[in-house]
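Asker: I am sharing model_1.pdb, which consists of PDB, C-alpha atoms:
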```pdb
ATOM      1  CA  MET A   1       0.000   0.000   0.000
ATOM      2  CA  ASN A   2       1.486   3.351  -1.027
ATOM      3  CA  GLN A   3       1.275   6.542   1.050
ATOM      4  CA  SER A   4      -1.714   7.893  -0.886
ATOM      5  CA  GLN A   5      -3.687   4.686  -0.427
ATOM      6  CA  SER A   6      -2.791   4.608   3.260
ATOM      7  CA  GLN A   7      -4.011   8.191   3.696
ATOM      8  CA  GLN A   8      -7.278   7.396   1.908
ATOM      9  CA  GLN A   9      -7.846   4.438   4.210
ATOM     10  CA  THR A  10      -7.140   6.618   7.271
ATOM     11  CA  ASP A  11      -9.492   9.344   6.066
ATOM     12  CA  SER A  12     -12.299   6.830   5.551
ATOM     13  CA  ILE A  13     -12.242   6.071   9.286
ATOM     14  CA  ASN A  14     -11.035   9.308  10.869
ATOM     15  CA  GLY A  15     -14.176  11.449  11.022
ATOM     16  CA  ILE A  16     -12.255  14.597  11.892
ATOM     17  CA  GLN A  17     -10.049  14.344   8.843
ATOM     18  CA  GLN A  18     -13.044  13.662   6.625
ATOM     19  CA  ILE A  19     -14.595  16.956   7.707
ATOM     20  CA  LEU A  20     -11.336  18.907   7.486
ATOM     21  CA  ASN A  21     -10.761  17.584   3.968
ATOM     22  CA  GLU A  22     -13.831  19.585   2.889
ATOM     23  CA  TYR A  23     -14.024  22.491   5.317
ATOM     24  CA  PRO A  24     -11.312  24.829   6.649
ATOM     25  CA  VAL A  25     -12.703  24.701  10.208
ATOM     26  CA  MET A  26     -14.587  22.026  12.128
ATOM     27  CA  ILE A  27     -17.109  23.268  14.706
ATOM     28  CA  LEU A  28     -17.467  21.472  18.037
ATOM     29  CA  ASP A  29     -20.333  21.846  20.480
ATOM     30  CA  GLY A  30     -20.093  23.837  23.708
ATOM     31  CA  ALA A  31     -20.667  23.191  27.392
ATOM     32  CA  LEU A  32     -22.932  20.290  28.279
ATOM     33  CA  ALA A  33     -23.013  20.377  32.068
ATOM     34  CA  THR A  34     -23.683  24.082  32.458
ATOM     35  CA  GLU A  35     -26.374  23.902  29.766
ATOM     36  CA  LEU A  36     -28.007  21.035  31.663
ATOM     37  CA  GLU A  37     -28.063  23.310  34.703
ATOM     38  CA  GLN A  38     -29.811  25.947  32.596
ATOM     39  CA  HIS A  39     -32.481  23.303  31.914
ATOM     40  CA  GLY A  40     -33.017  22.814  35.649
ATOM     41  CA  CYS A  41     -30.734  19.832  36.278
ATOM     42  CA  ASP A  42     -28.941  19.579  39.625
ATOM     43  CA  LEU A  43     -25.297  18.625  39.035
ATOM     44  CA  ASP A  44     -24.102  18.936  42.629
ATOM     45  CA  ASP A  45     -22.941  15.349  42.638
ATOM     46  CA  PRO A  46     -19.640  13.470  42.145
ATOM     47  CA  LEU A  47     -21.160  12.047  38.950
ATOM     48  CA  TRP A  48     -21.757  15.584  37.648
ATOM     49  CA  SER A  49     -23.500  15.443  34.233
ATOM     50  CA  ALA A  50     -23.526  11.641  34.420
ATOM     51  CA  ARG A  51     -26.134  12.033  37.165
ATOM     52  CA  VAL A  52     -28.592  13.236  34.516
ATOM     53  CA  LEU A  53     -28.176   9.917  32.713
ATOM     54  CA  LEU A  54     -29.909   8.344  35.684
ATOM     55  CA  GLU A  55     -32.555  10.986  36.240
ATOM     56  CA  ASN A  56     -33.466  12.784  33.019
ATOM     57  CA  PRO A  57     -31.699  11.529  29.866
ATOM     58  CA  ASP A  58     -34.161  13.316  27.558
ATOM     59  CA  VAL A  59     -32.635  16.645  28.607
ATOM     60  CA  ILE A  60     -29.235  15.422  27.403
ATOM     61  CA  VAL A  61     -30.758  14.714  23.989
ATOM     62  CA  GLN A  62     -32.273  18.201  23.975
ATOM     63  CA  VAL A  63     -28.962  19.920  24.730
ATOM     64  CA  HIS A  64     -27.123  17.900  22.078
ATOM     65  CA  ALA A  65     -29.860  18.820  19.595
ATOM     66  CA  ASP A  66     -29.534  22.510  20.456
ATOM     67  CA  TYR A  67     -25.850  22.415  19.554
ATOM     68  CA  PHE A  68     -26.394  20.451  16.357
ATOM     69  CA  ARG A  69     -29.073  22.891  15.229
ATOM     70  CA  ALA A  70     -26.713  25.766  16.045
ATOM     71  CA  GLY A  71     -24.224  24.304  13.570
ATOM     72  CA  ALA A  72     -21.964  21.948  15.553
ATOM     73  CA  ASP A  73     -20.189  19.241  13.568
ATOM     74  CA  CYS A  74     -19.587  17.143  16.679
ATOM     75  CA  ALA A  75     -21.288  16.368  19.973
ATOM     76  CA  ILE A  76     -19.211  15.318  22.966
ATOM     77  CA  THR A  77     -21.030  12.716  25.055
ATOM     78  CA  SER A  78     -22.099  13.050  28.686
ATOM     79  CA  SER A  79     -19.546  10.459  29.820
ATOM     80  CA  TYR A  80     -16.856  12.908  31.012
ATOM     81  CA  GLN A  81     -17.387  11.971  34.649
ATOM     82  CA  ALA A  82     -18.915   8.546  34.022
ATOM     83  CA  SER A  83     -16.869   5.515  35.019
ATOM     84  CA  VAL A  84     -17.478   2.039  36.369
ATOM     85  CA  GLU A  85     -15.799   3.020  39.635
ATOM     86  CA  GLY A  86     -17.803   6.214  39.928
ATOM     87  CA  PHE A  87     -21.100   4.444  39.367
ATOM     88  CA  ARG A  88     -20.071   1.704  41.795
ATOM     89  CA  LYS A  89     -19.854   4.327  44.530
ATOM     90  CA  ARG A  90     -23.542   4.995  43.823
ATOM     91  CA  GLY A  91     -24.385   1.315  44.195
ATOM     92  CA  ILE A  92     -24.508   0.593  40.454
ATOM     93  CA  GLU A  93     -22.728  -2.594  39.448
ATOM     94  CA  GLU A  94     -20.406  -2.964  36.466
ATOM     95  CA  ARG A  95     -22.846  -4.261  33.845
ATOM     96  CA  PRO A  96     -25.500  -1.532  34.289
ATOM     97  CA  ALA A  97     -22.708   1.042  34.650
ATOM     98  CA  LEU A  98     -21.305   0.080  31.255
ATOM     99  CA  ASP A  99     -24.832   0.211  29.822
ATOM    100  CA  LEU A 100     -25.123   3.788  31.086
ATOM    101  CA  ILE A 101     -21.799   4.735  29.516
ATOM    102  CA  ARG A 102     -22.915   3.232  26.199
ATOM    103  CA  LYS A 103     -26.161   5.162  26.544
ATOM    104  CA  THR A 104     -24.265   8.454  26.389
ATOM    105  CA  VAL A 105     -23.323   7.653  22.790
ATOM    106  CA  GLU A 106     -26.847   6.556  21.933
ATOM    107  CA  LEU A 107     -28.335   9.810  23.250
ATOM    108  CA  ALA A 108     -25.931  11.959  21.224
ATOM    109  CA  ALA A 109     -26.497   9.837  18.121
ATOM    110  CA  GLN A 110     -30.258  10.123  18.562
ATOM    111  CA  ALA A 111     -30.034  13.923  18.642
ATOM    112  CA  ARG A 112     -27.699  13.909  15.626
ATOM    113  CA  ASP A 113     -29.851  11.593  13.545
ATOM    114  CA  GLU A 114     -33.062  13.487  14.268
ATOM    115  CA  MET A 115     -31.411  16.790  13.343
ATOM    116  CA  TRP A 116     -29.799  15.307  10.230
ATOM    117  CA  ALA A 117     -33.140  14.016   8.989
ATOM    118  CA  GLU A 118     -34.471  17.573   9.287
ATOM    119  CA  VAL A 119     -31.466  18.963   7.401
ATOM    120  CA  GLN A 120     -31.803  16.436   4.594
ATOM    121  CA  ALA A 121     -35.518  17.116   4.273
ATOM    122  CA  SER A 122     -34.837  20.844   3.974
ATOM    123  CA  GLY A 123     -32.195  20.331   1.288
ATOM    124  CA  ALA A 124     -29.528  22.069   3.375
ATOM    125  CA  GLY A 125     -27.343  18.983   3.790
ATOM    126  CA  THR A 126     -24.891  20.075   1.107
ATOM    127  CA  ARG A 127     -23.859  23.080   3.227
ATOM    128  CA  ARG A 128     -22.526  21.054   6.147
ATOM    129  CA  PRO A 129     -21.094  17.612   6.892
ATOM    130  CA  LYS A 130     -23.048  15.000   8.782
ATOM    131  CA  PRO A 131     -21.988  15.556  12.402
ATOM    132  CA  ILE A 132     -20.054  12.985  14.390
ATOM    133  CA  VAL A 133     -20.242  11.812  18.005
ATOM    134  CA  ALA A 134     -17.178  11.975  20.259
ATOM    135  CA  GLY A 135     -17.136   9.717  23.300
ATOM    136  CA  SER A 136     -15.856  11.797  26.206
ATOM    137  CA  VAL A 137     -13.057  10.226  28.235
ATOM    138  CA  GLY A 138     -12.501  12.637  31.077
ATOM    139  CA  PRO A 139      -9.360  12.507  33.219
ATOM    140  CA  TYR A 140      -8.792  10.579  36.433
ATOM    141  CA  GLY A 141      -9.320  13.859  38.253
ATOM    142  CA  ALA A 142     -12.919  13.985  37.003
ATOM    143  CA  TYR A 143     -13.563  10.660  38.737
ATOM    144  CA  LEU A 144     -12.051  12.099  41.922
ATOM    145  CA  ALA A 145     -14.403  15.103  41.548
ATOM    146  CA  ASP A 146     -11.976  17.370  43.402
ATOM    147  CA  GLY A 147     -10.737  19.637  40.625
ATOM    148  CA  SER A 148      -7.440  17.767  40.230
ATOM    149  CA  GLU A 149      -7.876  17.659  36.454
ATOM    150  CA  TYR A 150      -6.527  21.208  36.670
ATOM    151  CA  VAL A 151      -3.487  20.099  38.703
ATOM    152  CA  GLY A 152      -2.558  16.661  37.420
ATOM    153  CA  HIS A 153      -0.364  15.382  40.203
ATOM    154  CA  TYR A 154      -2.481  12.380  41.151
ATOM    155  CA  GLY A 155       0.286  10.266  42.680
ATOM    156  CA  VAL A 156      -1.139   7.031  41.242
ATOM    157  CA  SER A 157       0.339   4.342  39.006
ATOM    158  CA  ASP A 158      -0.154   3.846  35.290
ATOM    159  CA  GLU A 159      -2.066   0.676  36.149
ATOM    160  CA  THR A 160      -4.531   2.598  38.305
ATOM    161  CA  LEU A 161      -5.168   5.063  35.496
ATOM    162  CA  ALA A 162      -5.575   2.283  32.929
ATOM    163  CA  ALA A 163      -7.996   0.370  35.141
ATOM    164  CA  LEU A 164     -10.293   3.395  35.311
ATOM    165  CA  HIS A 165     -10.145   4.300  31.619
ATOM    166  CA  ARG A 166     -10.116   0.944  29.810
ATOM    167  CA  PRO A 167     -13.713  -0.232  30.431
ATOM    168  CA  ARG A 168     -15.168   3.172  29.611
ATOM    169  CA  MET A 169     -13.202   3.414  26.376
ATOM    170  CA  ALA A 170     -14.363  -0.054  25.363
ATOM    171  CA  ALA A 171     -18.002   0.782  26.126
ATOM    172  CA  LEU A 172     -17.925   4.036  24.147
ATOM    173  CA  ILE A 173     -16.353   2.336  21.143
ATOM    174  CA  GLU A 174     -18.789  -0.576  21.298
ATOM    175  CA  ALA A 175     -21.688   1.894  21.383
ATOM    176  CA  GLY A 176     -20.538   3.400  18.086
ATOM    177  CA  ALA A 177     -18.714   6.592  19.030
ATOM    178  CA  ASP A 178     -17.094   7.991  15.877
ATOM    179  CA  ILE A 179     -14.076   9.142  17.848
ATOM    180  CA  LEU A 180     -12.956   9.373  21.465
ATOM    181  CA  ALA A 181     -12.286  12.677  23.201
ATOM    182  CA  PHE A 182      -9.400  12.422  25.667
ATOM    183  CA  GLU A 183     -10.162  15.772  27.241
ATOM    184  CA  THR A 184      -9.004  18.044  30.058
ATOM    185  CA  ILE A 185      -5.926  15.859  30.450
ATOM    186  CA  PRO A 186      -3.585  17.544  32.977
ATOM    187  CA  SER A 187      -0.500  15.339  32.869
ATOM    188  CA  LEU A 188       1.866  13.715  30.434
ATOM    189  CA  GLN A 189       1.585  10.475  32.410
ATOM    190  CA  GLU A 190      -2.168  10.225  31.907
ATOM    191  CA  ALA A 191      -1.882  11.152  28.233
ATOM    192  CA  ARG A 192       0.669   8.378  27.705
ATOM    193  CA  VAL A 193      -1.596   5.844  29.429
ATOM    194  CA  LEU A 194      -4.580   6.833  27.294
ATOM    195  CA  VAL A 195      -2.649   6.667  24.035
ATOM    196  CA  GLU A 196      -1.293   3.226  24.955
ATOM    197  CA  LEU A 197      -4.797   2.024  25.800
ATOM    198  CA  LEU A 198      -6.032   3.296  22.447
ATOM    199  CA  LYS A 199      -3.732   0.813  20.742
ATOM    200  CA  GLU A 200      -5.879  -1.961  22.206
ATOM    201  CA  PHE A 201      -8.608  -0.685  19.862
ATOM    202  CA  PRO A 202      -6.696  -0.439  16.567
ATOM    203  CA  ASP A 203      -9.654   0.777  14.502
ATOM    204  CA  ALA A 204     -10.424   3.652  16.861
ATOM    205  CA  TYR A 205      -9.278   7.282  16.827
ATOM    206  CA  ALA A 206      -9.147   9.917  19.541
ATOM    207  CA  TRP A 207      -8.284  13.537  19.982
ATOM    208  CA  LEU A 208      -6.088  14.600  22.866
ATOM    209  CA  SER A 209      -6.801  17.908  24.580
ATOM    210  CA  PHE A 210      -5.007  19.177  27.659
ATOM    211  CA  SER A 211      -5.932  21.457  30.523
ATOM    212  CA  LEU A 212      -3.465  24.330  30.821
ATOM    213  CA  LYS A 213      -1.413  25.983  33.535
ATOM    214  CA  ASP A 214      -0.757  28.916  31.186
ATOM    215  CA  GLY A 215      -0.319  29.574  27.472
ATOM    216  CA  THR A 216       2.830  27.463  27.223
ATOM    217  CA  SER A 217       2.339  24.460  29.528
ATOM    218  CA  ILE A 218      -0.237  21.929  30.651
ATOM    219  CA  SER A 219      -1.600  21.843  34.188
ATOM    220  CA  GLU A 220       1.181  19.773  35.734
ATOM    221  CA  GLY A 221       3.805  22.042  34.113
ATOM    222  CA  THR A 222       4.970  19.995  31.110
ATOM    223  CA  PRO A 223       5.586  22.314  28.126
ATOM    224  CA  LEU A 224       2.918  22.151  25.445
ATOM    225  CA  GLU A 225       5.642  21.768  22.856
ATOM    226  CA  VAL A 226       6.794  18.542  24.520
ATOM    227  CA  CYS A 227       3.237  17.193  24.605
ATOM    228  CA  ALA A 228       2.669  17.896  20.919
ATOM    229  CA  GLN A 229       5.989  16.372  19.940
ATOM    230  CA  THR A 230       5.405  13.307  22.119
ATOM    231  CA  PHE A 231       2.106  12.392  20.454
ATOM    232  CA  GLY A 232       2.473  14.054  17.063
ATOM    233  CA  SER A 233       3.442  10.833  15.318
ATOM    234  CA  GLU A 234       0.758   8.630  16.915
ATOM    235  CA  PRO A 235      -1.418   7.434  14.004
ATOM    236  CA  GLN A 236      -4.580   6.998  16.104
ATOM    237  CA  ILE A 237      -4.454  10.538  17.500
ATOM    238  CA  ALA A 238      -6.586  12.638  15.171
ATOM    239  CA  ALA A 239      -5.922  16.042  16.747
ATOM    240  CA  ILE A 240      -4.021  17.598  19.639
ATOM    241  CA  GLY A 241      -5.024  20.682  21.578
ATOM    242  CA  LEU A 242      -6.568  22.155  24.698
ATOM    243  CA  ASN A 243      -9.870  22.634  26.417
ATOM    244  CA  CYS A 244     -11.365  24.396  29.435
ATOM    245  CA  ALA A 245      -8.718  27.120  29.366
ATOM    246  CA  PRO A 246      -9.570  30.841  29.340
ATOM    247  CA  MET A 247      -9.658  32.388  25.888
ATOM    248  CA  GLU A 248      -6.892  34.828  26.751
ATOM    249  CA  VAL A 249      -4.202  32.100  26.610
ATOM    250  CA  VAL A 250      -5.511  30.215  23.580
ATOM    251  CA  THR A 251      -3.744  32.027  20.743
ATOM    252  CA  GLU A 252      -0.290  31.548  22.258
ATOM    253  CA  ALA A 253      -0.990  27.874  22.945
ATOM    254  CA  VAL A 254      -2.305  27.256  19.436
ATOM    255  CA  GLY A 255       0.841  28.685  17.900
ATOM    256  CA  ILE A 256       3.015  26.362  19.969
ATOM    257  CA  LEU A 257       0.942  23.300  19.103
ATOM    258  CA  HIS A 258       0.820  24.165  15.414
ATOM    259  CA  ARG A 259       4.582  24.557  15.165
ATOM    260  CA  ALA A 260       5.360  21.419  17.177
ATOM    261  CA  SER A 261       3.143  18.903  15.367
ATOM    262  CA  ASP A 262       1.446  18.262  12.042
ATOM    263  CA  LYS A 263      -1.745  17.164  13.809
ATOM    264  CA  PRO A 264      -4.814  19.393  13.481
ATOM    265  CA  VAL A 265      -5.046  21.721  16.471
ATOM    266  CA  ILE A 266      -8.270  21.389  18.475
ATOM    267  CA  ILE A 267      -9.364  24.033  20.979
ATOM    268  CA  TYR A 268     -12.472  24.516  23.055
ATOM    269  CA  PRO A 269     -11.904  27.124  25.752
ATOM    270  CA  ASN A 270     -14.216  27.978  28.621
ATOM    271  CA  SER A 271     -15.990  31.273  29.171
ATOM    272  CA  GLY A 272     -13.144  32.783  31.185
ATOM    273  CA  GLU A 273     -14.955  32.523  34.507
ATOM    274  CA  ILE A 274     -13.214  30.846  37.455
ATOM    275  CA  TYR A 275     -14.393  27.496  38.823
ATOM    276  CA  ASP A 276     -14.145  26.654  42.525
ATOM    277  CA  ALA A 277     -13.848  22.866  42.834
ATOM    278  CA  GLU A 278     -14.819  22.893  46.528
ATOM    279  CA  THR A 279     -18.036  24.893  46.205
ATOM    280  CA  LYS A 280     -18.635  23.792  42.587
ATOM    281  CA  THR A 281     -19.489  27.360  41.621
ATOM    282  CA  TRP A 282     -18.317  29.843  38.986
ATOM    283  CA  SER A 283     -17.250  33.428  39.591
ATOM    284  CA  GLY A 284     -15.717  36.343  37.711
ATOM    285  CA  GLN A 285     -16.510  37.900  34.378
ATOM    286  CA  GLY A 286     -16.936  35.674  31.359
ATOM    287  CA  SER A 287     -15.640  36.556  27.919
ATOM    288  CA  CYS A 288     -17.521  34.005  25.838
ATOM    289  CA  SER A 289     -19.319  36.755  23.918
ATOM    290  CA  SER A 290     -16.001  37.414  22.159
ATOM    291  CA  MET A 291     -15.506  33.826  20.982
ATOM    292  CA  LYS A 292     -16.536  34.594  17.401
ATOM    293  CA  ASP A 293     -14.075  37.488  17.093
ATOM    294  CA  SER A 294     -11.302  35.685  18.973
ATOM    295  CA  SER A 295     -11.575  32.725  16.621
ATOM    296  CA  GLU A 296      -9.966  34.765  13.839
ATOM    297  CA  ALA A 297      -6.681  34.863  15.758
ATOM    298  CA  TRP A 298      -6.987  31.185  16.662
ATOM    299  CA  VAL A 299      -7.436  30.092  13.076
ATOM    300  CA  GLU A 300      -4.634  32.382  11.923
ATOM    301  CA  ALA A 301      -2.377  30.767  14.544
ATOM    302  CA  GLY A 302      -3.226  27.297  13.235
ATOM    303  CA  ALA A 303      -6.427  26.038  14.892
ATOM    304  CA  ARG A 304      -8.610  23.802  12.714
ATOM    305  CA  ILE A 305     -11.208  22.539  15.217
ATOM    306  CA  ILE A 306     -13.018  25.067  17.446
ATOM    307  CA  GLY A 307     -15.751  24.829  20.041
ATOM    308  CA  GLY A 308     -16.504  25.756  23.623
ATOM    309  CA  CYS A 309     -16.137  24.230  27.067
ATOM    310  CA  CYS A 310     -17.636  25.209  30.435
ATOM    311  CA  ARG A 311     -20.150  28.072  30.459
ATOM    312  CA  THR A 312     -20.275  28.446  26.684
ATOM    313  CA  THR A 313     -23.644  28.099  24.976
ATOM    314  CA  PRO A 314     -25.388  27.106  21.734
ATOM    315  CA  HIS A 315     -25.513  30.818  20.892
ATOM    316  CA  GLN A 316     -21.701  31.065  20.825
ATOM    317  CA  ILE A 317     -21.446  27.882  18.757
ATOM    318  CA  GLY A 318     -24.040  29.269  16.372
ATOM    319  CA  GLU A 319     -21.969  32.429  15.966
ATOM    320  CA  LEU A 320     -18.893  30.331  15.141
ATOM    321  CA  ALA A 321     -20.866  28.350  12.583
ATOM    322  CA  LYS A 322     -22.122  31.534  10.935
ATOM    323  CA  LYS A 323     -18.640  33.004  10.800
ATOM    324  CA  TRP A 324     -16.809  29.981   9.416
ATOM    325  CA  ARG A 325     -19.582  28.284   7.436
ATOM    326  CA  GLY A 326     -22.156  30.948   6.704
ATOM    327  CA  GLN A 327     -24.688  28.746   8.506
ATOM    328  CA  GLY A 328     -27.713  29.980  10.341
TER     329      GLY A 328
END
```
Show how you would write the structure in this file as structure tokens.
Answerer:
Amino acid sequence: MNQSQSQQQTDSINGIQQILNEYPVMILDGALATELEQHGCDLDDPLWSARVLLENPDVIVQVHADYFRAGADCAITSSYQASVEGFRKRGIEERPALDLIRKTVELAAQARDEMWAEVQASGAGTRRPKPIVAGSVGPYGAYLADGSEYVGHYGVSDETLAALHRPRMAALIEAGADILAFETIPSLQEARVLVELLKEFPDAYAWLSFSLKDGTSISEGTPLEVCAQTFGSEPQIAAIGLNCAPMEVVTEAVGILHRASDKPVIIYPNSGEIYDAETKTWSGQGSCSSMKDSSEAWVEAGARIIGGCCRTTPHQIGELAKKWRGQG
């Protein structure tokens, strides 16, 4: 198989590359958990948005649908804080826990398919790609529910990390996730573990997005350049970037990532407000209203995949879609 044939085979599986082959920018969705709160859901729970899986899954479908209708090319599932161990603490055994994790993919796919049927019926399907579903694989710190995904120094072994992540990854892939989202990863150790686990699923792809300490390093302090270089040649990693960082540091980080790796750069910053992990509240002034304008600098610096994280909304995603696709 020559290089061209190999690339064609990769593109046929890698949903991100398929979209980027046709469009200069791919649009992600925005915050799920904070949108669920806007719909009246109580997320004051170690399971966070995964709690809604148990109590009101229809609202998850509604939020996914809102983002798809706004123009998102990808929904990230509600499995960020879902794990077998986390559900076990709530008295849910492994089999039903894995069923719940698989359900996160089914809910996102349901919203996507219903929206896509509407788009096809309207004749607008030629203006956008069929969206994909990314199975969220949140960090070990999300399972701890103590904010340590923004610190990264867990003090646990590779085996402990793998034991938490492996069953969830398998469940998301089995449920039909188009890609996995290794997101808010604060440490090089955890990123290495996840990428090694991905090799157990040779037909699967994932993106890798880090939480940041500042514009040049991830939460634990490893330089972004080192992270991009470490995973830039991994064939199953479809994109490398950052999420849940304030918009003010994004442009600098994108430039570093773009220069250090040939992988598409993925970014989905938060609103700029500050999260208190102890009280589980947000404070400060958000800047998400400037996402559309800020995206010009991000794309110029090398970003190819853009969306929003905590406290961003379907409105901001709709503005991005209008700017980069002329949708809406």
Asker: Distance atom CA of Glu35 of chain A-atom CA of Val63 of chain A, one decimal place?
Answerer: 6.9 Å
Asker: Set up a box along x, y and z of the file covering all listed atoms of segment 48-65 of chain A, add 5 Å on every one of the six sides, and write the centre and edge lengths in Å to one decimal, as AutoDock Vina command-line options.
Answerer:
```
--center_x -28.0 --center_y 14.1 --center_z 28.6 --size_x 22.4 --size_y 21.6 --size_z 28.1
```
Asker: Evaluated on this file, the PyMOL selection byres ((chain A and resi 51-59) around 12) picks out some residues - which ones are they, written as a PyMOL selection string?
Answerer: chain A and resi 32-33+35-50+60-66+77-83+86-87+90+92+96-97+99-108+110-111
Asker: My list of candidates is A:Ser271, A:Thr184, A:Gln18, A:Ser157. Which is closest to Lys130 of chain A when distances are computed with only C-alpha atoms?
Answerer: A:Gln18
Asker: Any idea what the distance is between atom CA of Glu200 of chain A and atom CA of Leu164 of chain A?
Answerer: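 Here the two named atoms are 14.8 Å from each other.
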Asker: The PyMOL selection byres ((chain A and resi 189) around 12) on the file shown: which residues, as a PDB file with C-alpha atoms, keeping the file's coordinate frame?
Answerer:
```pdb
ATOM      1  CA  PRO A 139      -9.360  12.507  33.219  1.00  0.00           C
ATOM      2  CA  TYR A 140      -8.792  10.579  36.433  1.00  0.00           C
ATOM      3  CA  GLY A 152      -2.558  16.661  37.420  1.00  0.00           C
ATOM      4  CA  HIS A 153      -0.364  15.382  40.203  1.00  0.00           C
ATOM      5  CA  TYR A 154      -2.481  12.380  41.151  1.00  0.00           C
ATOM      6  CA  GLY A 155       0.286  10.266  42.680  1.00  0.00           C
ATOM      7  CA  VAL A 156      -1.139   7.031  41.242  1.00  0.00           C
ATOM      8  CA  SER A 157       0.339   4.342  39.006  1.00  0.00           C
ATOM      9  CA  ASP A 158      -0.154   3.846  35.290  1.00  0.00           C
ATOM     10  CA  GLU A 159      -2.066   0.676  36.149  1.00  0.00           C
ATOM     11  CA  THR A 160      -4.531   2.598  38.305  1.00  0.00           C
ATOM     12  CA  LEU A 161      -5.168   5.063  35.496  1.00  0.00           C
ATOM     13  CA  ALA A 162      -5.575   2.283  32.929  1.00  0.00           C
ATOM     14  CA  ILE A 185      -5.926  15.859  30.450  1.00  0.00           C
ATOM     15  CA  PRO A 186      -3.585  17.544  32.977  1.00  0.00           C
ATOM     16  CA  SER A 187      -0.500  15.339  32.869  1.00  0.00           C
ATOM     17  CA  LEU A 188       1.866  13.715  30.434  1.00  0.00           C
ATOM     18  CA  GLU A 190      -2.168  10.225  31.907  1.00  0.00           C
ATOM     19  CA  ALA A 191      -1.882  11.152  28.233  1.00  0.00           C
ATOM     20  CA  ARG A 192       0.669   8.378  27.705  1.00  0.00           C
ATOM     21  CA  VAL A 193      -1.596   5.844  29.429  1.00  0.00           C
ATOM     22  CA  LEU A 194      -4.580   6.833  27.294  1.00  0.00           C
ATOM     23  CA  VAL A 195      -2.649   6.667  24.035  1.00  0.00           C
ATOM     24  CA  GLU A 196      -1.293   3.226  24.955  1.00  0.00           C
ATOM     25  CA  PHE A 210      -5.007  19.177  27.659  1.00  0.00           C
ATOM     26  CA  ILE A 218      -0.237  21.929  30.651  1.00  0.00           C
ATOM     27  CA  SER A 219      -1.600  21.843  34.188  1.00  0.00           C
ATOM     28  CA  GLU A 220       1.181  19.773  35.734  1.00  0.00           C
ATOM     29  CA  GLY A 221       3.805  22.042  34.113  1.00  0.00           C
ATOM     30  CA  THR A 222       4.970  19.995  31.110  1.00  0.00           C
ATOM     31  CA  CYS A 227       3.237  17.193  24.605  1.00  0.00           C
ATOM     32  CA  THR A 230       5.405  13.307  22.119  1.00  0.00           C
TER      33      THR A 230
END
```
Asker: Run through the PyMOL selection byres ((chain A and resi 252-269) around 6) on the given coordinates and return the selected residues as a ChimeraX atom specification.
Answerer: /A:215-216,225,228-229,232,239-247,249-251,270,301-309
Asker: Can you work out the spacing between atom CA of Pro129 of chain A and atom CA of Asp73 of chain A in Å, to one decimal?
Answerer: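 For atom CA of Pro129 of chain A relative to atom CA of Asp73 of chain A, the distance reads 6.9 Å.
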Asker: I'd like to know which of A:Glu93, A:Ile16, A:Phe201, A:Glu85 is closest to Ala142 of chain A, using only C-alpha atoms.
Answerer: A:Glu85
Asker: Rebuild N, CA and C atoms on segment 156-166 of chain A, as a PDB file, in the frame of the given file?
Answerer:
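To be explicit, this is the file written out as result_14.pdb:
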```pdb
ATOM      1  N   VAL A 156      -0.685   8.408  41.429  1.00  0.00           N
ATOM      2  CA  VAL A 156      -1.139   7.031  41.242  1.00  0.00           C
ATOM      3  C   VAL A 156      -0.344   6.396  40.106  1.00  0.00           C
ATOM      4  N   SER A 157      -0.422   5.077  40.011  1.00  0.00           N
ATOM      5  CA  SER A 157       0.339   4.342  39.006  1.00  0.00           C
ATOM      6  C   SER A 157      -0.347   4.355  37.652  1.00  0.00           C
ATOM      7  N   ASP A 158       0.420   4.005  36.623  1.00  0.00           N
ATOM      8  CA  ASP A 158      -0.154   3.846  35.290  1.00  0.00           C
ATOM      9  C   ASP A 158      -1.267   2.812  35.314  1.00  0.00           C
ATOM     10  N   GLU A 159      -1.079   1.753  36.082  1.00  0.00           N
ATOM     11  CA  GLU A 159      -2.066   0.676  36.149  1.00  0.00           C
ATOM     12  C   GLU A 159      -3.392   1.167  36.728  1.00  0.00           C
ATOM     13  N   THR A 160      -3.311   2.036  37.719  1.00  0.00           N
ATOM     14  CA  THR A 160      -4.531   2.598  38.305  1.00  0.00           C
ATOM     15  C   THR A 160      -5.281   3.437  37.282  1.00  0.00           C
ATOM     16  N   LEU A 161      -4.540   4.242  36.537  1.00  0.00           N
ATOM     17  CA  LEU A 161      -5.168   5.063  35.496  1.00  0.00           C
ATOM     18  C   LEU A 161      -5.792   4.188  34.416  1.00  0.00           C
ATOM     19  N   ALA A 162      -5.071   3.169  33.986  1.00  0.00           N
ATOM     20  CA  ALA A 162      -5.575   2.283  32.929  1.00  0.00           C
ATOM     21  C   ALA A 162      -6.821   1.538  33.382  1.00  0.00           C
ATOM     22  N   ALA A 163      -6.850   1.118  34.625  1.00  0.00           N
ATOM     23  CA  ALA A 163      -7.996   0.370  35.141  1.00  0.00           C
ATOM     24  C   ALA A 163      -9.269   1.214  35.136  1.00  0.00           C
ATOM     25  N   LEU A 164      -9.127   2.515  35.353  1.00  0.00           N
ATOM     26  CA  LEU A 164     -10.293   3.395  35.311  1.00  0.00           C
ATOM     27  C   LEU A 164     -10.752   3.630  33.877  1.00  0.00           C
ATOM     28  N   HIS A 165      -9.798   3.860  32.974  1.00  0.00           N
ATOM     29  CA  HIS A 165     -10.145   4.300  31.619  1.00  0.00           C
ATOM     30  C   HIS A 165     -10.538   3.160  30.673  1.00  0.00           C
ATOM     31  N   ARG A 166      -9.926   2.003  30.801  1.00  0.00           N
ATOM     32  CA  ARG A 166     -10.116   0.944  29.810  1.00  0.00           C
ATOM     33  C   ARG A 166     -11.582   0.545  29.608  1.00  0.00           C
TER      34      ARG A 166
END
```
